[in-house]
Structure formats: structure tokens, C-alpha cells
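**Q** First the structure, which I've put down as C-alpha cells, then a few questions once you've had a look.
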Number of protein chains: 2
Amino acid sequence: MTVAHETITLTGNLIIGAQDVRGTDGEIAAVDPRTGQALEPSYGLGGAADVERATTLAAEAFATYRQTDPDVRAGFLERIAERIDGLGEQLTERVQAETGLPRARAESERARTTNQLRLFASVLREGSWRGARVDPGQPEREPVPRPDVRQRAVALGPVAVFGASNFPLAFAVAGGDTASALAAGCPVVVKAHEAHPGTSELVARAIQAAVRDSELPAGTFSLLFGSGPGLGTALVTDPRIKAVGFTGSRSAGLALTAAAAGRAEPIPVYAEMSSVNPVFILPDALRQRPEELGAAYIASVTTGAGQLCTSPGLVFVQDGEGADEFLAAAAEATGHTAAAPMLTSGIREAYDRGADALASRESVQRVAVGSAADDIACAGQARLFATTGDAFLAEPELHGEVFGATSLVVLVRDRAQLERVVDALEGQLTATIHATTADHDLAGGLLPALELKAGRVLFNGWPTGVEVGHAMVHGGPFPATSAPRTTSVGTRAIERFLRPVAYQNVPGELLPDELRDGNPLGLWRRVDGELGRH
Amino acid sequence: MTVAHETITLTGNLIIGAQDVRGTDGEIAAVDPRTGQALEPSYGLGGAADVERATTLAAEAFATYRQTDPDVRAGFLERIAERIDGLGEQLTERVQAETGLPRARAESERARTTNQLRLFASVLREGSWRGARVDPGQPEREPVPRPDVRQRAVALGPVAVFGASNFPLAFAVAGGDTASALAAGCPVVVKAHEAHPGTSELVARAIQAAVRDSELPAGTFSLLFGSGPGLGTALVTDPRIKAVGFTGSRSAGLALTAAAAGRAEPIPVYAEMSSVNPVFILPDALRQRPEELGAAYIASVTTGAGQLCTSPGLVFVQDGEGADEFLAAAAEATGHTAAAPMLTSGIREAYDRGADALASRESVQRVAVGSAADDIACAGQARLFATTGDAFLAEPELHGEVFGATSLVVLVRDRAQLERVVDALEGQLTATIHATTADHDLAGGLLPALELKAGRVLFNGWPTGVEVGHAMVHGGPFPATSAPRTTSVGTRAIERFLRPVAYQNVPGELLPDELRDGNPLGLWRRVDGELGRH
């Protein structure tokens, strides 16, 4: 099935289930960061009454939606993907206008978003997400009979999702959190990121149409706009909301986590917050290909104007053979990098403050600066800094994230200092090693330390670019995330919105299908601990 | 291998790795709740320095212990079980003396504890806990090559375990939290419950010997004694501790959860806290066998003097045919119940306060009281109360847990009121339905609501007695636990102490064994999402 593209007239309304509601708590308009021009229409901002309306609808929808056949939910996710495809050029242009991201990125991010929805459809049909387990009863067991105990996963309840600034599609209205929550059987209330309301409305219209096409309860999905922490806090503290997905800053993530923990019924917050994604270039790799690595490093740093959660903010190299060439190549690449529009003027200002703070430190050397661009309203200039391992160990201010195309090269003295540096790192989304075979001894020594610090360890590549699949982990120890036992990307993300329930001696006719004798759904199940299609 | 029993001389010391340390922050002695007599020896209480010593050793041990072959850890768990078996009569007697629990319970709880250790050994050998996933690379993919991404689980780090008062073996020093954390590769620091220090020392000696026999790092296990919240808070806020297992009161659980959330690096607290375990006796079941159900109900309520997390504190019956007989049978059984020693005088006092508070309410009718026992120091008398559905809905004070052999029968008016009652319940460990086939329509209507309220739903039985297996869930929505997505009993408990890590393009020789090409360990793995031994 393909859905013909028709241009959607943006309304600036909140989308609460099947209804449009004009927000009356102020209004915002998107700004094109390339030109500084405001974009039509203005968006009315929601308040506490809108939150309550959306969550009440979501709670009503939950009773039905969580019990839909998973195949119905799979079809629903596929319809969302088709509808997003159907938004065609209008979506691509609006993404570019609201974010300043280039066309190729808008297109590839859209493909990632729809692929992700389709991937969760396949997960739903495969069925292992149901977590079916059967421990058959043993009525004859002495001294007491063993009960029949079965287990499956049930959905948590309505989920609040906060769109990220930097992925207007893939970590936003129909992004990974929404896709995995909807797959699990949880209605979703999205708070759109205020920087791209038009993109958010377009995608929300696609979901709203898919809800209708799939004959699902209207409250399965709502989209709210709000500014400042008020609406977000109201959403997270609403008693009907049972889990939260968030991607954004450390301060905002911690505020939401605290709000959720302070509820009468605390709920999980899956917040992805802050990561500097350290890269370790080991001595032989540095010796063999310093120029290539220096150029590739800056290509990774400047992807998306550096506004990626996995941007490599720190590179550690041993001072010695290849270090100068590496730094020279990175400096040259930085110097040749054209300024690119950043997402918002606020993000640009924060970026400049962060980079200036680095530049102002005595221990930090300014290596190179990219070109400026007076014709771009929110231009972010690439910047490259260097420091020493001694300074890095002494100054925690050098460990933090500067969100944007800035990175810091740390020249470490020797292997012992490298190991101390690893110990000093906070939790990360990623950690990267560049190594030749000759470096494997050192790499094998670092790997155990890095797997305790990061959600993903990669070799001979760059951390930007997160493959959506079954084995991916996009997560990691605090402060990278608030929930290191989970991932926000990849098929295991569905687990965040499920919990196990045991059914003891439940009569066969009342058992959920996935737990019935004879395995009528043909699922992989664990029977007395043994996996099989039995 | 069997370990011959030799009597262990109790020392009253803290056990920090291989060392005995005399605690100097005061001392405690256990009291036999049957006689009120203090038991030798006295136990020195630990302070902040002892916590730091134990956690420092645990952190050192972690680097080695987490990377031991899982088969080594399986052997270690089996040695612990053998050593606990080897404690023989000395342990059985000490448990009885410190808790007042009867011999049969001491013996069955010991069997459960050692079975559980052996079960986790089998889990380690089966290998699915490793969570191995492989998404092979596709170097030819356009527009960008697909990286090779693999995933496995790694241990979180040193774990703090708080022993429960009411399960001196199964939820204590070598209980489920310890067994699952040790299985996962996490060293454990236990804070013993102060009511049974001798039992705790005996079991800790068994673990200490098993650590030595298995040639593991001494810091793999430590046992601390402490009174009041000081030592516990120091343990939970120690930066080396990465997760917490707790079973106890709601107030203590919430305090630990708040302390953990307030750390520079917040950590998960798996707290099992408060549950009243509602039971619903449906009309036809009530009509068919009121006397049998009434007697069985009180047998469940009075098991272990009612000091079980799964004790049925609320029973809902529809006022009508069978209700009077049910209540009469329950009253008769209560009246015939001999007072039994409760665990401590503090618990007995709290029980009396809770039961008196119920008795004093105008809406509550006192139905029956068990016999008193002047010869038992900490005797708890069984008590049975009744109220109406109207009162239950109007008075949240009737919803809480009274820890001990007290239960409340709620006479509901009709099905509509029953549904309102279910809506009003907090999260629970268990929910129970008694139903005949004629009740299945009503039961099928209640089941979806109850599976959202409880970790385990059971039919035609009583919630006391938790089968340890692969499908069991001992958990549930807040306030039953602080972590409803997990279980503290059954094989899935190991997941609480693991997190996933992705390995991208890691050279074959540096990959962990479980992720290598050709599946050398013969594990179940998910390859491109498909399960198989491949």
C-alpha cells in the first residue's frame, strides 16, 4: 500500500487524540536557523488542562490498545511509516527549514525513522518480546504440589515521550521511544521539541491518520506543545503516565527524573542525557595512519554541526610518533570546515559559551577554528582544542560535553596515564578504540575498562551513526543515561515499556494465548527453563 | 562432594572479605522471641570505615570476579549450598532461636535457599543470561556499510544486599538477591538484619569458605552488622556500590531509594516493600465451598505468624450466598489459632498497633481473635476483621499492610463495586481469584485489571508460598516494589544485576567468547534477530 502525498495545512494546534485543540498558554513559532526568519504558523502552547485531557484519553485507550492483537499493532506501525513516507517533500523541506540540517540528513533520518517503525512491526510478529515462560505444575510433588506458573510481559501504561532537538524525526514524535512504546502496547503522549513544531505536527498527523486507519482508540496518541518546564513536569507527574522517554540535556533529564521519583507512584524515566564519547587512538594506529585518522575524526565531529549525542568530544592519543601529524591533519580539516547552521539560537549560544570556556583555560591550547559564515543566522564554527593528560586528570571541567562541533585532543604520556584517564571518565554512550593488530595487547587491556564505562564499544570507526538493529545498545552508565540497563535504539527498546507478570494455576480458558498449552501461537517459549518452540 | 558438619563458634564479628573485624559502633545481641532471652554472642556494629573497607575490597574483587568463567561461579554457588547444608542442626536451631519460626519452616527455608543457589548455577551453565546477539556486518551495503554489532550482558558492579527480618535464610545473607548478584558476576556486601545476627554469621561463614575453596578474591563477599539507618545509608551511598537489593518496610525502602537517587551517580534499588495481596472469592466458589475457603484462608493468613510478604491481608467476597458461612469458618479457624512468636518485639508492637488501629475504626467489625500465649515473649495473636465495600472505598486507611496474622474481609455489594475496589488498590505482589467454572465470566473480566496491579495472579490457591522457578515473578507495581520491571525470585532475578553492552567491529580475537564467530560456547544467540544455537 502506498499513500499518495497531499500537502497538509499546518494548524498550530495541539493534537489530542482525534481532536485539534488550540493551546492558550502562549505561543511559539519555529525559526529557520539558516535565515533567522520565523516560520508560519504559530503554535499555541498547552497547559495543565491539556495534559490532563491527553492523559485521560491515553488511559482510556490503554485498556483497549494494550490488548490489541500484536499483529494489529504491527500493521499500525507500518501505516505510520507509510504515512510518513507519504509526507514526501513537504516533510523534507520543513525539517530543513526548522533545523538547518541538510537535505541528505533529513532524508536519511526519515528513512531511519520509518525503518525503525517497520523493525518494531517485525519484532511484534516474531513474538519473543512477549517473554512467554511455562513451568508446568507437578501435582504429585512432595511435600507440596508444584503449582503451574507461567509468565508473560504486559504493557506498563501510557508513556510520555519528549522529542529531542537534534533528531527531529528519529528521536521525536514518531522516533524510537514512540515506536517501542506503541509496539509494547502503551499509548503515547508526546511533548514536541519547541524548535521544530511544524515537523512535529506533520508527523503527528501521520500517526493520527494511522490511528484512524487502524481503528484504534483515539487516545492512543496525542501531541502537545509547551515551553519551559511547566508542561513537561505536569506530564511526568500526571498519575496516568507510567513511564517517560527523554533525550536531551543533563539538567532537563535530571529534573524530569527527580519529578518522576517524587510522585506518589514513582515511574521509570528513560533519559538519555550527556556523553562525550571518548576515542582512543592507540600507538601503532597513530603511527600508521595519522593523517587519515585526523581527517576522519573531524568529519565525525562536524557531522550535523556536531549536534549528535554520539559526537566524539574527546580523543586520547599518546604523545609520540604520529601525534603531530594527527593533530596537523585534524587542524587542517577543522580549518576547512564551513560553519553550519545550528538547531536554534539558544543551542548556538550554549555552544559558544562552552567552547569559549574551554578556550579560556590555561591548560587548553586552541588548535584550529573552522570558517565563519555571516550569511547563516545560527552559524556554529568548528573548533579544535588540545590539552595534556595531566591537565585532563586534574581538571574535571575538561570532561564535560560541549554540544556542537568542538572536540578536545588529549595528549597522554604513557599507558599508565591512559589507564588513569579511563578510570576518571564518567559513563558514556560510546567508547572508541583505533588499533592495528600490533595494538591488540593494549586494546585488550582497555576493553574491560571501557565496557564498564559505555553502552557501546567500537573499533576503527567513529561513534556517530547508530545502526538500528537487534544487537545495538544506545545507552550507558550515568550520566549518559538514567537507565543503563536499557537501550533507546534497537529492538530491545521495547522491553522498557513492559513488565513481567506470573500466572499461577490460571484455568486454561482464561490464560493469555501466548501461555496456553500446545503453544497455539508457535512462539519461542522457555518451558521449565528450556528454550524451544514448545 | 559433601562437607562434614563441624560446629562453628560464633564470633560476633563483621566479616570483611577474609578478615574478621570487631565492630566498634555499639553492639547488639539477638533475642529469642519465644523466651525474651538474649542470645550469645553480642555483635559489634560497623561504621563508615567498615563500609568503606568492605566496598573497597568488593570493587577490587569485581575486576576479577566478573570475568571469572561462569562455570567457576556456578561451582561457587554450589559450594555455598553445600556449606549451608553442612551447617546442619546448628543452623536450624539458631534460626529457630533468633526468629521463633518452627523447625519445619527453618528446614524448608534452608532447602529453598540452597535450591535457589543451585538453580542459579544451572542458569549460569545454560548461558542465555549472557544475552548474546550478533548482527553481522554488511560491508557492501549502500549508501554506508553496515557495521558488525554484537551484544552481551556485563555485570553492574558491587551490590549491597539488605537482609529481611522475615526470611532469615531465603531473603538474607545467601538469599535470592545474593545468589542472583553473585551469579551475575557482582561481589556482594550484605547488611545483616539485626534480628538474626547468629544465623547471618553462620551463613556468611559458609560463603566465606566457598570463596576460599573456589579461589575467588576475598572481597567477593562481606557481611556487615549495623543498627538504625546509618550503616545502610553509608552502604547505599558508597560510590563503589552499583545496585541495591532490599526486602523490608515501605518507609525503609523509600529511604534507601531516595538515598540512591541522590547520589552523584544514581543507582538502581530493587526494594520489595509493601503488599496486602488481595484475594477475590467469586460468587459460585463462595457458594460451593464457603467453609473450606474460610479455613484455608486463615491457614494462609497465619502461616509464619502472618509475617510473609505474600500474606493475604484483604479478602473480597460478595455479600450473599455463602458469605456468612465463609466468615463463620474463618472466625472459627482464627479462634482456634494459637498465638505464635513474632520475629522481634518491635515487629510485635507494630503489629498490635496496626491491628488495634483497624479494630478502633467504626466501619470495621472485629470478627475473631486467636488465643493468647502468656508463655511466649513476643506472641502475636491472630485477628480477623470485616468491613463493607463502601467503607473500603471511602477509607484509604483500610488499604494498608498490617504485618502479621491479621486480615480484613471486605463484603462487597455487587460486581460494579468489586470493579471499583480493584481500581482503588495499590500495586501488589500478588492477587488471587477463587472461582469455579461458573465464575469464569467474572474472573475473565477481573484478570486484565489484576494483571496491571500485581506481579503474580493466581487462581484457587493462596498467595503464601512462592515457587522458585523460571516463570515466577515476585515483584509488582509500586508500592509492592520500587522496580516493577524485575523479579526478586526466580531465574530472571539475575537480570537485575546485568546491563547490555554492544561491541561494534571489535576484532575477533578481542571479542568475548560468547560473541565469537562460530558460537564456540554453543549458546542460544539471536543472530540478525533470529534465535538459534548459532
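Lettering and numbering for the C-alpha cells are positional, with chains as A, B, ... in the shown order, residues counted from 1 in each chain, and ligands counted from 1 in the shown order.
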Give the strand (DSSP E) residues of range 66-208 of chain A, as assigned by DSSP on the backbone, as a list of chain:residue names.
**A**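 DSSP-assigned strand (DSSP E) residues in range 66-208 of chain A: A:Arg133, A:Val134, A:Asp135, A:Val149, A:Arg150, A:Gln151, A:Arg152, A:Ala153, A:Val154, A:Ala155, A:Val159, A:Ala160, A:Val161, A:Phe162, A:Val188, A:Val189, A:Val190, A:Lys191.
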**Q** Please determine the contact residues of chain A with respect to chain B at a cut-off of 8 Å, counting only C-alpha atoms, and supply them as number ranges by chain.
**A** A: 133-135, 146-147, 149-151, 154, 156, 265-266, 440, 444, 451-452, 454-460, 467, 469-473, 476, 478-479, 482, 484-486, 498-507, 510, 526, 528-529
**Q** If DSSP is run on the backbone, what residues of range 71-292 of chain A are helix (DSSP H, G or I)? A reply as number ranges by chain would be ideal.
**A** A: 71-86, 88-99, 103-126, 128-130, 176-184, 197-213, 218-220, 229-236, 250-261, 283-288, 290-292
**Q** Residues at most 12 Å from Pro102 in chain B, counting only C-alpha atoms, excluding those fewer than 3 positions away in the same chain, as number ranges by chain?
**A** B: 33-34, 92-99, 105-109, 303-305, 340-343
**Q** Just the residues within 8 Å of range 180-191 of chain A, please, counting only C-alpha atoms, with nothing from its chain fewer than 2 positions along; format it as a ChimeraX atom specification.
**A** /A:54-55,58-59,61-62,65-68,70,73-74,77,120-121,124,154-163,173,176-178,193,219-226,232,491,493-498
**Q** Can you list, as JSON, numbers by chain, every protein, DNA or RNA residue that comes within 8 Å of Val211 in chain A when you count only C-alpha atoms, leaving out same-chain residues fewer than 4 positions away?
**A** {"A": [76, 207, 215, 216, 217, 218, 220, 221]}
**Q** Using only C-alpha atoms, which of B:Ser488, B:His434, B:Leu358, B:Gln288 sits nearest Gly245 in chain B?
**A** B:Ser488
**Q** When you look at Ile8 in chain A with a cut-off of 12 Å (counting only C-alpha atoms), what residues show up, excluding the ones that are within fewer than 6 positions of it in the same chain? I need them as a PyMOL selection string.
**A** chain A and resi 83-84+86-91+94+198-199+201-206+209
**Q** Could you turn the residues from that selection into a file that holds C-alpha atoms, as a PDB file, in the first residue's frame?
**A**
```
ATOM      1  CA  ARG A  83       2.090   7.905   6.141  1.00  0.00           C
ATOM      2  CA  ILE A  84       5.472   9.435   6.975  1.00  0.00           C
ATOM      3  CA  GLY A  86       3.650   9.922   2.135  1.00  0.00           C
ATOM      4  CA  LEU A  87       4.539  13.307   3.635  1.00  0.00           C
ATOM      5  CA  GLY A  88       7.098  13.496   0.845  1.00  0.00           C
ATOM      6  CA  GLU A  89       8.867  16.707   0.066  1.00  0.00           C
ATOM      7  CA  GLN A  90       6.767  18.774   2.472  1.00  0.00           C
ATOM      8  CA  LEU A  91       8.385  16.982   5.408  1.00  0.00           C
ATOM      9  CA  ARG A  94      10.054  21.572   6.808  1.00  0.00           C
ATOM     10  CA  GLY A 198       5.868  22.065  12.110  1.00  0.00           C
ATOM     11  CA  THR A 199       7.852  18.871  11.622  1.00  0.00           C
ATOM     12  CA  GLU A 201       2.722  18.404  13.528  1.00  0.00           C
ATOM     13  CA  LEU A 202       3.329  16.754  10.168  1.00  0.00           C
ATOM     14  CA  VAL A 203       4.500  13.521  11.771  1.00  0.00           C
ATOM     15  CA  ALA A 204       1.699  13.655  14.351  1.00  0.00           C
ATOM     16  CA  ARG A 205      -0.830  13.940  11.512  1.00  0.00           C
ATOM     17  CA  ALA A 206       0.681  10.786  10.037  1.00  0.00           C
ATOM     18  CA  ALA A 209      -4.253   9.106  10.378  1.00  0.00           C
TER      19      ALA A 209
END
```
**Q** Contacts of range 386-389 of chain A at 12 Å or less, counting only C-alpha atoms, minus same-chain residues fewer than 4 places along, as a compact mmCIF listing (two decimals) with N, CA, C and O atoms, in the first residue's frame?
**A**
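Heads up, here's the output in part-v4.txt:
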```txt
# COMPACT_ATOMS: atom_id res chain seq x y z
N GLY A 313 33.74 13.93 21.53
CA GLY A 313 34.19 15.17 22.16
C GLY A 313 35.58 15.10 22.74
O GLY A 313 36.17 16.13 23.09
N LEU A 314 36.12 13.92 22.85
CA LEU A 314 37.44 13.71 23.43
C LEU A 314 38.19 12.66 22.63
O LEU A 314 37.64 11.58 22.36
N VAL A 315 39.44 12.98 22.25
CA VAL A 315 40.28 11.98 21.60
C VAL A 315 41.58 11.89 22.37
O VAL A 315 42.23 12.92 22.62
N PHE A 316 41.94 10.69 22.75
CA PHE A 316 43.17 10.46 23.51
C PHE A 316 44.22 9.84 22.60
O PHE A 316 43.98 8.78 21.99
N VAL A 317 45.34 10.51 22.49
CA VAL A 317 46.47 9.93 21.75
C VAL A 317 47.72 10.02 22.61
O VAL A 317 47.87 10.93 23.43
N GLN A 318 48.60 9.05 22.40
CA GLN A 318 49.85 9.06 23.16
C GLN A 318 50.80 10.02 22.47
O GLN A 318 50.98 9.97 21.25
N ASP A 319 51.37 10.91 23.25
CA ASP A 319 52.29 11.89 22.69
C ASP A 319 53.50 11.12 22.16
O ASP A 319 54.18 10.43 22.91
N ALA A 323 51.63 11.75 16.51
CA ALA A 323 50.74 12.69 17.21
C ALA A 323 50.72 14.04 16.50
O ALA A 323 49.64 14.63 16.31
N ASP A 324 51.88 14.51 16.11
CA ASP A 324 51.92 15.82 15.45
C ASP A 324 51.18 15.79 14.12
O ASP A 324 50.40 16.70 13.80
N PHE A 326 48.82 13.74 13.25
CA PHE A 326 47.39 13.59 13.52
C PHE A 326 46.78 14.96 13.82
O PHE A 326 45.75 15.35 13.25
N LEU A 327 47.44 15.67 14.73
CA LEU A 327 46.91 16.97 15.13
C LEU A 327 46.91 17.95 13.95
O LEU A 327 45.95 18.72 13.77
N ALA A 328 47.95 17.88 13.14
CA ALA A 328 48.03 18.78 11.98
C ALA A 328 46.91 18.48 10.98
O ALA A 328 46.26 19.39 10.46
N ALA A 330 44.04 17.03 11.68
CA ALA A 330 42.77 17.42 12.29
C ALA A 330 42.61 18.94 12.22
O ALA A 330 41.51 19.46 11.96
N ALA A 331 43.71 19.65 12.47
CA ALA A 331 43.66 21.12 12.41
C ALA A 331 43.31 21.58 11.00
O ALA A 331 42.47 22.48 10.81
N LEU A 358 36.25 26.44 27.28
CA LEU A 358 37.42 25.60 27.04
C LEU A 358 38.61 26.46 26.61
O LEU A 358 39.72 26.30 27.12
N ALA A 359 38.35 27.35 25.65
CA ALA A 359 39.42 28.18 25.09
C ALA A 359 40.09 29.02 26.17
O ALA A 359 41.29 29.33 26.08
N ARG A 361 40.79 28.32 29.19
CA ARG A 361 41.55 27.61 30.22
C ARG A 361 43.03 27.62 29.86
O ARG A 361 43.42 27.37 28.72
N GLU A 362 43.84 27.87 30.87
CA GLU A 362 45.28 27.92 30.65
C GLU A 362 45.84 26.62 30.10
O GLU A 362 46.78 26.60 29.32
N SER A 363 45.24 25.55 30.54
CA SER A 363 45.77 24.24 30.18
C SER A 363 45.36 23.81 28.77
O SER A 363 45.80 22.77 28.29
N VAL A 364 44.51 24.60 28.14
CA VAL A 364 43.95 24.19 26.85
C VAL A 364 44.52 25.04 25.72
O VAL A 364 44.55 26.27 25.82
N GLN A 365 44.97 24.35 24.69
CA GLN A 365 45.51 25.04 23.52
C GLN A 365 44.47 25.05 22.41
O GLN A 365 43.86 24.02 22.12
N ARG A 366 44.29 26.23 21.81
CA ARG A 366 43.34 26.30 20.70
C ARG A 366 44.10 25.90 19.44
O ARG A 366 45.04 26.56 19.03
N VAL A 367 43.68 24.80 18.82
CA VAL A 367 44.43 24.25 17.69
C VAL A 367 43.93 24.81 16.36
O VAL A 367 44.73 25.15 15.49
N ALA A 368 42.65 24.88 16.19
CA ALA A 368 42.12 25.34 14.91
C ALA A 368 40.67 25.76 15.06
O ALA A 368 39.98 25.33 15.98
N LEU A 393 43.46 14.98 33.87
CA LEU A 393 43.26 14.31 35.16
C LEU A 393 43.02 15.31 36.28
O LEU A 393 42.29 15.03 37.24
N ALA A 394 43.60 16.51 36.15
CA ALA A 394 43.50 17.49 37.23
C ALA A 394 42.23 18.33 37.13
O ALA A 394 41.80 18.92 38.14
N GLU A 395 41.63 18.41 35.96
CA GLU A 395 40.56 19.39 35.75
C GLU A 395 39.27 18.71 35.26
O GLU A 395 39.12 18.47 34.06
N PRO A 396 38.35 18.45 36.16
CA PRO A 396 37.09 17.83 35.74
C PRO A 396 36.31 18.69 34.74
O PRO A 396 35.48 18.17 34.00
N LEU A 398 37.26 19.66 32.08
CA LEU A 398 37.59 19.22 30.73
C LEU A 398 36.83 17.95 30.34
O LEU A 398 36.96 17.48 29.21
N HIS A 399 36.06 17.39 31.27
CA HIS A 399 35.40 16.11 31.00
C HIS A 399 34.00 16.25 30.42
O HIS A 399 33.42 15.27 29.99
N THR A 406 32.77 20.88 18.54
CA THR A 406 34.02 21.14 19.26
C THR A 406 34.54 19.84 19.82
O THR A 406 33.76 19.02 20.30
N SER A 407 35.85 19.67 19.74
CA SER A 407 36.42 18.47 20.34
C SER A 407 37.78 18.80 20.93
O SER A 407 38.39 19.81 20.58
N LEU A 408 38.20 17.94 21.85
CA LEU A 408 39.42 18.17 22.60
C LEU A 408 40.32 16.96 22.43
O LEU A 408 39.92 15.83 22.73
N VAL A 409 41.54 17.22 21.94
CA VAL A 409 42.54 16.15 21.84
C VAL A 409 43.36 16.16 23.12
O VAL A 409 43.85 17.21 23.54
N VAL A 410 43.49 15.00 23.74
CA VAL A 410 44.26 14.89 24.98
C VAL A 410 45.51 14.07 24.69
O VAL A 410 45.42 12.90 24.29
N LEU A 411 46.65 14.71 24.86
CA LEU A 411 47.92 14.02 24.63
C LEU A 411 48.35 13.36 25.93
O LEU A 411 48.69 14.04 26.90
N VAL A 412 48.28 12.04 25.96
CA VAL A 412 48.63 11.33 27.20
C VAL A 412 50.08 10.87 27.13
O VAL A 412 50.64 10.68 26.06
N ARG A 413 50.67 10.72 28.32
CA ARG A 413 52.10 10.50 28.42
C ARG A 413 52.46 9.05 28.09
O ARG A 413 53.39 8.78 27.36
N ASP A 414 51.70 8.13 28.67
CA ASP A 414 52.05 6.72 28.52
C ASP A 414 50.84 5.86 28.85
O ASP A 414 49.76 6.38 29.16
N ARG A 415 51.03 4.57 28.79
CA ARG A 415 49.95 3.63 29.01
C ARG A 415 49.36 3.76 30.42
O ARG A 415 48.14 3.69 30.60
N ALA A 416 50.22 3.99 31.39
CA ALA A 416 49.73 4.11 32.77
C ALA A 416 48.79 5.32 32.88
O ALA A 416 47.73 5.25 33.51
N GLN A 417 49.18 6.41 32.24
CA GLN A 417 48.32 7.59 32.30
C GLN A 417 47.02 7.36 31.54
O GLN A 417 45.94 7.79 31.97
N LEU A 418 47.10 6.63 30.44
CA LEU A 418 45.90 6.30 29.68
C LEU A 418 44.91 5.54 30.57
O LEU A 418 43.70 5.79 30.56
N GLU A 419 45.43 4.61 31.33
CA GLU A 419 44.54 3.83 32.20
C GLU A 419 43.91 4.70 33.30
O GLU A 419 42.75 4.52 33.64
N ARG A 420 44.68 5.65 33.80
CA ARG A 420 44.10 6.56 34.80
C ARG A 420 43.00 7.43 34.18
O ARG A 420 41.99 7.72 34.81
N VAL A 421 43.26 7.84 32.95
CA VAL A 421 42.26 8.65 32.22
C VAL A 421 40.95 7.88 32.07
O VAL A 421 39.86 8.42 32.30
N VAL A 422 41.05 6.62 31.70
CA VAL A 422 39.84 5.80 31.54
C VAL A 422 39.10 5.72 32.87
O VAL A 422 37.87 5.88 32.93
N ALA A 424 38.99 7.83 35.13
CA ALA A 424 38.42 9.13 35.52
C ALA A 424 37.18 9.50 34.71
O ALA A 424 36.47 10.44 35.06
```
